[in-house]
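Trainee: This structure is in structure tokens; I'll ask about it shortly.
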Amino acid sequence: MIVQRRVVSAVTAAAALLLTAGCSSDGGQPSGADGSPSPSSTAAQSPSGSAAEQTPPAKGSVKVVRTVATGLKSPWGLAPLPGGGLLVSSRDEATITRVDEKTGEKTELGEVPGVAASGEGGLLGIALSPDYASDHMVYAYFTSASDNRIVRMRYDEKKPSGEQLGEPDTVFRGIPKGVIHNGGRIAFGPDGMLYAGTGESGDTGLSQDKESLGGKILRMTPDGEPAPGNPFPDSVVYSYGHRNVQGLAWDDRQRLFASEFGQETWDELNAIKPGDNYGWPEAEGEGGGSGFHDPLAQWSTDEASPSGIAFAGGSVWMAGLRGERLWRVPLKGTEAAADPQAFLEGEYGRLRTVVAAGGDRLWLVTSNTDGRGDAKGDDDRVLELRVT
């Protein structure tokens with residue numbers, strides 16, 4: 001494992017104190033992975049299904065409020081800016097574009113150097129620094145010629161279009177790459193730490209190898225160091241036994257959830273516990289046996305192929321690629337409170353990313369120009385949804 005070692009900031013140290021006090025998720029005062037405001041660092045963590053938690057209704061609803069923007073090419077990651085605007089990464093073009101969420105106007109920030117787009121690899125997830133208000137740093141996970149890595153770049157909107165991204169500073173490198181299963185979702189959680197979902201790059205043996213970065217959820221400081229309180233000494237590995245993680249989100253009790261692609265049988269939504277083994281390749285779906293953490297919900301691969309997830313209204317919302325639908329999973333603690341419910345089936349094609357937009361709203365990004373499936377038109381779009 002090759003990691004750039006840096007001095008941990010005072011902010012990171014404070015986040016470590018939050019962790020030891022019992023915070024098991026991601027992000028302090030900054031936004032969570034799905035763009036929603038993070039809960040108070042002093043919020044009490046209650047056990048699964050405690051009386052203090054309200055269980056959402058078994059059935060929900062989705063209304064497409066409007067199409068925010070069209071004309072996007074192979075969009076993958078989305079990061080809402082605190083002052084307004086949405087940053088969208090292009091997997092194949094290696095660019096980051098700012099979308100005005102009111103007018104739909106698009107402004108290209110620039111191209112991220114070093115991206116080697118091929119197969120499922122390229123410029124994937126993006127996230128804003130916990131200190132974005134002062135440092136204006138945008139983090140990006142991408143596939144290079146040799147590995148998958150995480151970099152950060154300063155965004156200067158005062159510069160001309162196409163020149164607004166500073167030189168990338170490599171925060172973390174050495175994640176296995178492949179034509180398939182590159183993972184790619186990154187997010188800062190309620191503890192201020194950076195989380196990354198990785199894939200096993202087609203080599204199934206990596207998932208059970210705790211020394212490998214493939215098939216894992218990683219947790220690190222904003223500078224790329226193993227985060228304080230991680231389950232394995234001097235390691236960024238947070239959970240293992242994953243096949244291909246592309247969705248990360250926290251609920252309002254700071255509990256982490258992740259979506260995962262199955263092989264031929266079951267796709268999964270998992271409640272993540274540090275140090276746990278999620279089974280791949282020994283187990284896929286429920287009933288994996290002793291020592292494996294079962295998913296809280298599962299789907300056949302033609303119904304889901306899940307990528308991004310978000311938390312809103314007491315439910316996890318999960319975007320399906322091959323399934324071409326948005327799934328709602330109402331939660332009772334870290335268990336499903338009712339059967340998953342599908343929306344928008346086949347209406348907008350492949351769905352890549354879903355991000356909380358505050359209150360009962362979500363941003364949803366389609367993925368019809370990624371070379372997979374039957375494209376619904378020659379471009380992709382961002383939608384605004386209202387959900388219950």
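Here's how to read the names in the structure tokens: chain A, B, ... by the order shown, residue numbers from 1 in each chain, ligand numbers from 1 in the order shown.
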Give one line per residue of region 155-226 of chain A that approaches region 87-100 of chain A to at most 10 Å, naming the two atoms of the closest pair and their distance in Å to one decimal, counting only C-alpha atoms; sort by chain then ascending residue number and deliver it as CSV.
Mentor:
```
residue,atom,partner,partner_atom,distance
A:Glu157,CA,A:Arg98,CA,9.7
A:Ser161,CA,A:Thr97,CA,9.5
A:Gly162,CA,A:Thr95,CA,9.0
A:Gln164,CA,A:Ile96,CA,9.8
A:Leu165,CA,A:Ile96,CA,8.7
```
Trainee: Go through A:Gly119, A:Pro190, A:Tyr132, A:Lys332 and flag the residue nearest Ala52 (chain A), using only C-alpha atoms for the distances.
Mentor: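 Once distances to Ala52 (chain A) are computed over only C-alpha atoms, the minimum belongs to A:Lys332.
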Trainee: For Gln208 (chain A), please output as a list of chain:residue names all residues within 12 Å (counting only C-alpha atoms; exclusion window: fewer than 6 positions along the same chain).
Mentor: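 Counting only the stated atoms, we get A:Gly199, A:Glu200, A:Gly214, A:Gly215, A:Lys216, A:Val237, A:Ser239, A:Tyr240, A:Gly241, A:His242, A:Arg243, A:Gly275, A:Asp276, A:Asn277, A:Tyr278, A:Gly279, A:Trp280, A:Pro281, A:Glu282, A:Ala283, A:Gly291, A:Phe292.
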Trainee: Since we have the selection now, will you write its residues out, keeping N, CA, C and O atoms, as a PDB file, in the first residue's frame?
Mentor:
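Once everything was written out, this is result_4.pdb:
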```pdb
ATOM      1  N   GLY A 199     -13.649  -1.459  -5.550  1.00  0.00           N
ATOM      2  CA  GLY A 199     -14.014  -2.738  -6.130  1.00  0.00           C
ATOM      3  C   GLY A 199     -12.827  -3.684  -6.141  1.00  0.00           C
ATOM      4  O   GLY A 199     -11.680  -3.263  -5.940  1.00  0.00           O
ATOM      5  N   GLU A 200     -13.089  -4.966  -6.426  1.00  0.00           N
ATOM      6  CA  GLU A 200     -11.989  -5.933  -6.448  1.00  0.00           C
ATOM      7  C   GLU A 200     -11.362  -6.062  -7.827  1.00  0.00           C
ATOM      8  O   GLU A 200     -10.548  -6.945  -8.051  1.00  0.00           O
ATOM      9  N   GLY A 214      -8.558  -3.477  -2.464  1.00  0.00           N
ATOM     10  CA  GLY A 214      -9.648  -3.808  -3.368  1.00  0.00           C
ATOM     11  C   GLY A 214     -10.790  -4.512  -2.659  1.00  0.00           C
ATOM     12  O   GLY A 214     -10.569  -5.336  -1.771  1.00  0.00           O
ATOM     13  N   GLY A 215     -12.039  -4.182  -3.054  1.00  0.00           N
ATOM     14  CA  GLY A 215     -13.204  -4.803  -2.449  1.00  0.00           C
ATOM     15  C   GLY A 215     -13.407  -4.384  -1.008  1.00  0.00           C
ATOM     16  O   GLY A 215     -13.761  -5.199  -0.155  1.00  0.00           O
ATOM     17  N   LYS A 216     -13.227  -3.096  -0.745  1.00  0.00           N
ATOM     18  CA  LYS A 216     -13.265  -2.581   0.613  1.00  0.00           C
ATOM     19  C   LYS A 216     -14.067  -1.278   0.699  1.00  0.00           C
ATOM     20  O   LYS A 216     -14.372  -0.635  -0.311  1.00  0.00           O
ATOM     21  N   VAL A 237      -8.416   0.344   5.891  1.00  0.00           N
ATOM     22  CA  VAL A 237      -9.532  -0.573   5.669  1.00  0.00           C
ATOM     23  C   VAL A 237     -10.550  -0.441   6.797  1.00  0.00           C
ATOM     24  O   VAL A 237     -10.213  -0.571   7.975  1.00  0.00           O
ATOM     25  N   SER A 239     -14.129  -1.779   6.247  1.00  0.00           N
ATOM     26  CA  SER A 239     -14.876  -3.033   6.130  1.00  0.00           C
ATOM     27  C   SER A 239     -14.383  -3.749   4.884  1.00  0.00           C
ATOM     28  O   SER A 239     -13.805  -3.133   3.988  1.00  0.00           O
ATOM     29  N   TYR A 240     -14.606  -5.056   4.824  1.00  0.00           N
ATOM     30  CA  TYR A 240     -14.052  -5.840   3.715  1.00  0.00           C
ATOM     31  C   TYR A 240     -15.039  -6.910   3.270  1.00  0.00           C
ATOM     32  O   TYR A 240     -16.156  -7.011   3.785  1.00  0.00           O
ATOM     33  N   GLY A 241     -14.633  -7.698   2.282  1.00  0.00           N
ATOM     34  CA  GLY A 241     -15.539  -8.699   1.728  1.00  0.00           C
ATOM     35  C   GLY A 241     -16.581  -8.103   0.799  1.00  0.00           C
ATOM     36  O   GLY A 241     -17.665  -8.653   0.630  1.00  0.00           O
ATOM     37  N   HIS A 242     -16.235  -6.993   0.148  1.00  0.00           N
ATOM     38  CA  HIS A 242     -17.138  -6.342  -0.800  1.00  0.00           C
ATOM     39  C   HIS A 242     -16.733  -6.700  -2.234  1.00  0.00           C
ATOM     40  O   HIS A 242     -15.565  -6.975  -2.509  1.00  0.00           O
ATOM     41  N   ARG A 243     -17.688  -6.629  -3.136  1.00  0.00           N
ATOM     42  CA  ARG A 243     -17.416  -6.898  -4.556  1.00  0.00           C
ATOM     43  C   ARG A 243     -17.157  -5.606  -5.321  1.00  0.00           C
ATOM     44  O   ARG A 243     -16.144  -5.472  -6.004  1.00  0.00           O
ATOM     45  N   GLY A 275     -14.903  -3.074  10.600  1.00  0.00           N
ATOM     46  CA  GLY A 275     -14.212  -4.338  10.789  1.00  0.00           C
ATOM     47  C   GLY A 275     -14.966  -5.552  10.321  1.00  0.00           C
ATOM     48  O   GLY A 275     -14.409  -6.661  10.306  1.00  0.00           O
ATOM     49  N   ASP A 276     -16.232  -5.402   9.905  1.00  0.00           N
ATOM     50  CA  ASP A 276     -17.032  -6.564   9.520  1.00  0.00           C
ATOM     51  C   ASP A 276     -16.683  -7.062   8.116  1.00  0.00           C
ATOM     52  O   ASP A 276     -16.221  -6.300   7.254  1.00  0.00           O
ATOM     53  N   ASN A 277     -16.962  -8.346   7.914  1.00  0.00           N
ATOM     54  CA  ASN A 277     -16.730  -9.035   6.648  1.00  0.00           C
ATOM     55  C   ASN A 277     -18.077  -9.215   5.956  1.00  0.00           C
ATOM     56  O   ASN A 277     -18.977  -9.861   6.493  1.00  0.00           O
ATOM     57  N   TYR A 278     -18.205  -8.660   4.733  1.00  0.00           N
ATOM     58  CA  TYR A 278     -19.486  -8.696   4.018  1.00  0.00           C
ATOM     59  C   TYR A 278     -19.583  -9.836   2.995  1.00  0.00           C
ATOM     60  O   TYR A 278     -20.516  -9.870   2.203  1.00  0.00           O
ATOM     61  N   GLY A 279     -18.616 -10.756   3.050  1.00  0.00           N
ATOM     62  CA  GLY A 279     -18.824 -12.058   2.459  1.00  0.00           C
ATOM     63  C   GLY A 279     -18.224 -12.382   1.110  1.00  0.00           C
ATOM     64  O   GLY A 279     -17.927 -13.536   0.836  1.00  0.00           O
ATOM     65  N   TRP A 280     -18.105 -11.391   0.206  1.00  0.00           N
ATOM     66  CA  TRP A 280     -17.677 -11.720  -1.149  1.00  0.00           C
ATOM     67  C   TRP A 280     -16.221 -12.194  -1.152  1.00  0.00           C
ATOM     68  O   TRP A 280     -15.400 -11.603  -0.465  1.00  0.00           O
ATOM     69  N   PRO A 281     -15.869 -13.245  -1.931  1.00  0.00           N
ATOM     70  CA  PRO A 281     -16.712 -14.027  -2.847  1.00  0.00           C
ATOM     71  C   PRO A 281     -17.319 -15.273  -2.201  1.00  0.00           C
ATOM     72  O   PRO A 281     -17.942 -16.081  -2.905  1.00  0.00           O
ATOM     73  N   GLU A 282     -17.149 -15.437  -0.901  1.00  0.00           N
ATOM     74  CA  GLU A 282     -17.675 -16.628  -0.237  1.00  0.00           C
ATOM     75  C   GLU A 282     -19.192 -16.591  -0.118  1.00  0.00           C
ATOM     76  O   GLU A 282     -19.848 -17.639  -0.053  1.00  0.00           O
ATOM     77  N   ALA A 283     -19.762 -15.385  -0.042  1.00  0.00           N
ATOM     78  CA  ALA A 283     -21.210 -15.240   0.123  1.00  0.00           C
ATOM     79  C   ALA A 283     -21.702 -14.090  -0.728  1.00  0.00           C
ATOM     80  O   ALA A 283     -21.027 -13.076  -0.893  1.00  0.00           O
ATOM     81  N   GLY A 291     -19.834 -15.414  10.567  1.00  0.00           N
ATOM     82  CA  GLY A 291     -18.672 -14.602  10.226  1.00  0.00           C
ATOM     83  C   GLY A 291     -18.906 -13.599   9.132  1.00  0.00           C
ATOM     84  O   GLY A 291     -18.054 -12.734   8.897  1.00  0.00           O
ATOM     85  N   PHE A 292     -20.060 -13.667   8.441  1.00  0.00           N
ATOM     86  CA  PHE A 292     -20.368 -12.729   7.371  1.00  0.00           C
ATOM     87  C   PHE A 292     -21.557 -11.861   7.767  1.00  0.00           C
ATOM     88  O   PHE A 292     -22.521 -12.340   8.354  1.00  0.00           O
TER      89      PHE A 292
END
```
Trainee: So, with only C-alpha atoms as the atoms that count, which of A:Val354, A:Ala187, A:Ile217, A:Ala319 lies closest to Leu128 (chain A)?
Mentor: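 Closest residue, counting only C-alpha atoms: A:Ala187.
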Trainee: Between A:Asn230, A:Ser367, A:Ser259, A:Ser201, single out the one closest to Leu296 (chain A), counting only C-alpha atoms.
Mentor: A:Ser259
Trainee: Residues of region 170-268 of chain A that have any atom at most 6 Å from an atom of region 305-314 of chain A: could you tabulate them with the shortest-distance atom pair and the distance in Å to one decimal, using only C-alpha atoms, ordered by chain and increasing number, as a Markdown table?
Mentor:
```
| residue | atom | partner | partner_atom | distance |
| --- | --- | --- | --- | --- |
| A:Gln246 | CA | A:Ser307 | CA | 4.8 |
| A:Gly247 | CA | A:Gly308 | CA | 4.2 |
| A:Ala249 | CA | A:Ala310 | CA | 5.4 |
| A:Asp251 | CA | A:Phe311 | CA | 5.8 |
| A:Phe261 | CA | A:Ser305 | CA | 5.6 |
```
Trainee: Write the residues you've just listed into a file as an mmCIF file, in the first residue's frame, and include all heavy atoms for each of them.
Mentor:
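Written out: selection.cif:
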```
data_model
loop_
_atom_site.group_PDB
_atom_site.id
_atom_site.type_symbol
_atom_site.label_atom_id
_atom_site.label_comp_id
_atom_site.auth_asym_id
_atom_site.auth_seq_id
_atom_site.Cartn_x
_atom_site.Cartn_y
_atom_site.Cartn_z
ATOM 1 N N GLN A 246 -20.344 1.254 -4.824
ATOM 2 C CA GLN A 246 -20.480 2.538 -5.516
ATOM 3 C C GLN A 246 -21.472 3.475 -4.839
ATOM 4 O O GLN A 246 -21.791 4.531 -5.390
ATOM 5 C CB GLN A 246 -20.898 2.324 -6.972
ATOM 6 C CG GLN A 246 -19.800 1.744 -7.841
ATOM 7 C CD GLN A 246 -20.135 1.761 -9.323
ATOM 8 O OE1 GLN A 246 -21.162 2.282 -9.753
ATOM 9 N NE2 GLN A 246 -19.264 1.186 -10.124
ATOM 10 N N GLY A 247 -21.957 3.124 -3.660
ATOM 11 C CA GLY A 247 -22.886 4.005 -2.957
ATOM 12 C C GLY A 247 -22.552 4.087 -1.485
ATOM 13 O O GLY A 247 -22.327 3.056 -0.831
ATOM 14 N N ALA A 249 -23.796 6.435 2.106
ATOM 15 C CA ALA A 249 -24.661 7.469 2.702
ATOM 16 C C ALA A 249 -24.828 7.184 4.188
ATOM 17 O O ALA A 249 -24.746 6.033 4.630
ATOM 18 C CB ALA A 249 -26.027 7.507 2.012
ATOM 19 N N ASP A 251 -27.323 7.905 7.707
ATOM 20 C CA ASP A 251 -28.648 8.319 8.146
ATOM 21 C C ASP A 251 -28.528 9.452 9.151
ATOM 22 O O ASP A 251 -27.421 9.959 9.413
ATOM 23 C CB ASP A 251 -29.439 7.124 8.707
ATOM 24 C CG ASP A 251 -28.893 6.599 10.038
ATOM 25 O OD1 ASP A 251 -27.932 7.190 10.597
ATOM 26 O OD2 ASP A 251 -29.429 5.589 10.537
ATOM 27 N N PHE A 261 -22.699 -4.075 -5.886
ATOM 28 C CA PHE A 261 -23.050 -4.917 -7.035
ATOM 29 C C PHE A 261 -22.811 -6.380 -6.713
ATOM 30 O O PHE A 261 -21.724 -6.758 -6.272
ATOM 31 C CB PHE A 261 -22.168 -4.566 -8.236
ATOM 32 C CG PHE A 261 -22.489 -3.258 -8.891
ATOM 33 C CD1 PHE A 261 -21.975 -2.074 -8.386
ATOM 34 C CD2 PHE A 261 -23.273 -3.211 -10.030
ATOM 35 C CE1 PHE A 261 -22.239 -0.873 -9.009
ATOM 36 C CE2 PHE A 261 -23.547 -2.008 -10.651
ATOM 37 C CZ PHE A 261 -23.037 -0.833 -10.137
#
```
Trainee: Quick one: pull the distance between CA of Tyr195 (chain A) and CA of Ser207 (chain A), Å, one decimal.
Mentor: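 Between CA of Tyr195 (chain A) and CA of Ser207 (chain A) the gap is 16.9 Å.
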Trainee: Let's see if you can do this: from backbone DSSP, list all helix (DSSP H, G or I) residues in region 101-305 of chain A, as a ChimeraX atom specification.
Mentor: /A:132-135,204-206
Trainee: Store the residues picked out above in a file with C-alpha atoms, as a PDB file, in the first residue's frame.
Mentor:
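File part_21.pdb, as written:
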```pdb
ATOM      1  CA  TYR A 132     -14.506  23.897   1.613  1.00  0.00           C
ATOM      2  CA  ALA A 133     -15.617  27.348   2.795  1.00  0.00           C
ATOM      3  CA  SER A 134     -11.980  28.253   3.397  1.00  0.00           C
ATOM      4  CA  ASP A 135      -9.904  25.939   1.180  1.00  0.00           C
ATOM      5  CA  THR A 204     -12.208 -11.872  -6.327  1.00  0.00           C
ATOM      6  CA  GLY A 205      -9.399 -12.887  -3.975  1.00  0.00           C
ATOM      7  CA  LEU A 206      -8.690  -9.259  -3.075  1.00  0.00           C
TER       8      LEU A 206
END
```
Trainee: List as a PyMOL selection string the protein and nucleic acid residues near Val138 (chain A), meaning an atom at most 7 Å away when only C-alpha atoms are counted, but skip any in the same chain fewer than 5 places from it.
Mentor: chain A and resi 126-129+152-155
Trainee: Go ahead and write the selection's residues with N, CA, C and O atoms as a compact mmCIF listing (two decimals), in the first residue's frame.
Mentor:
```txt
# COMPACT_ATOMS: atom_id res chain seq x y z
N ILE A 126 -16.79 12.41 -6.72
CA ILE A 126 -16.23 13.67 -6.26
C ILE A 126 -16.87 14.05 -4.94
O ILE A 126 -17.99 13.62 -4.62
N ALA A 127 -16.16 14.85 -4.15
CA ALA A 127 -16.66 15.30 -2.85
C ALA A 127 -15.97 16.61 -2.50
O ALA A 127 -14.85 16.88 -2.95
N LEU A 128 -16.63 17.42 -1.70
CA LEU A 128 -16.06 18.68 -1.24
C LEU A 128 -15.33 18.50 0.07
O LEU A 128 -15.75 17.73 0.94
N SER A 129 -14.25 19.24 0.24
CA SER A 129 -13.49 19.24 1.48
C SER A 129 -14.39 19.61 2.66
O SER A 129 -15.29 20.45 2.53
N ARG A 152 -6.99 15.91 -4.75
CA ARG A 152 -7.77 17.09 -4.43
C ARG A 152 -7.24 18.26 -5.24
O ARG A 152 -6.04 18.36 -5.52
N MET A 153 -8.15 19.15 -5.61
CA MET A 153 -7.82 20.29 -6.46
C MET A 153 -8.56 21.52 -5.95
O MET A 153 -9.71 21.43 -5.52
N ARG A 154 -7.92 22.65 -6.04
CA ARG A 154 -8.56 23.89 -5.63
C ARG A 154 -9.45 24.40 -6.77
O ARG A 154 -9.02 24.44 -7.93
N TYR A 155 -10.66 24.77 -6.44
CA TYR A 155 -11.61 25.30 -7.43
C TYR A 155 -11.66 26.82 -7.28
O TYR A 155 -12.02 27.34 -6.23
```
Trainee: Run DSSP on the backbone and tell me which residues of region 162-347 of chain A come out as strand (DSSP E); list them as a PyMOL selection string.
Mentor: chain A and resi 169-175+186-188+194-197+217-220+237-239+245-250+256-260+266-271+297-300+306-312+315-320+326-332+335-336+341-343
Trainee: For a test of reading the model, state the distance in Å between CA of Arg66 (chain A) and CA of Ala79 (chain A), rounded to one decimal.
Mentor: 18.6 Å
Trainee: CA of Leu78 (chain A) to CA of Val355 (chain A): how many Å, to one decimal?
Mentor: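 One can read the CA of Leu78 (chain A) to CA of Val355 (chain A) distance as 7.4 Å.
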Trainee: Could you check the closest approach to Leu81 (chain A) for each of A:Met137, A:Leu218, A:Leu321, A:Leu364 and tell me which residue wins, using only C-alpha atoms?
Mentor: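 Selected residue with least distance to Leu81 (chain A): A:Met137.
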Trainee: Using only C-alpha atoms, which of A:His136, A:Lys159, A:Lys210, A:Arg381 sits nearest Phe232 (chain A)?
Mentor: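 Checking each of A:His136, A:Lys159, A:Lys210, A:Arg381 against Phe232 (chain A), counting only C-alpha atoms, the winner is A:Lys210.
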Trainee: A:Leu351, A:Leu213, A:Val62, A:Val316: which is nearest Ala338 (chain A), counting only C-alpha atoms?
Mentor: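 Residue with the minimum atom-to-atom distance to Ala338 (chain A): A:Val316.
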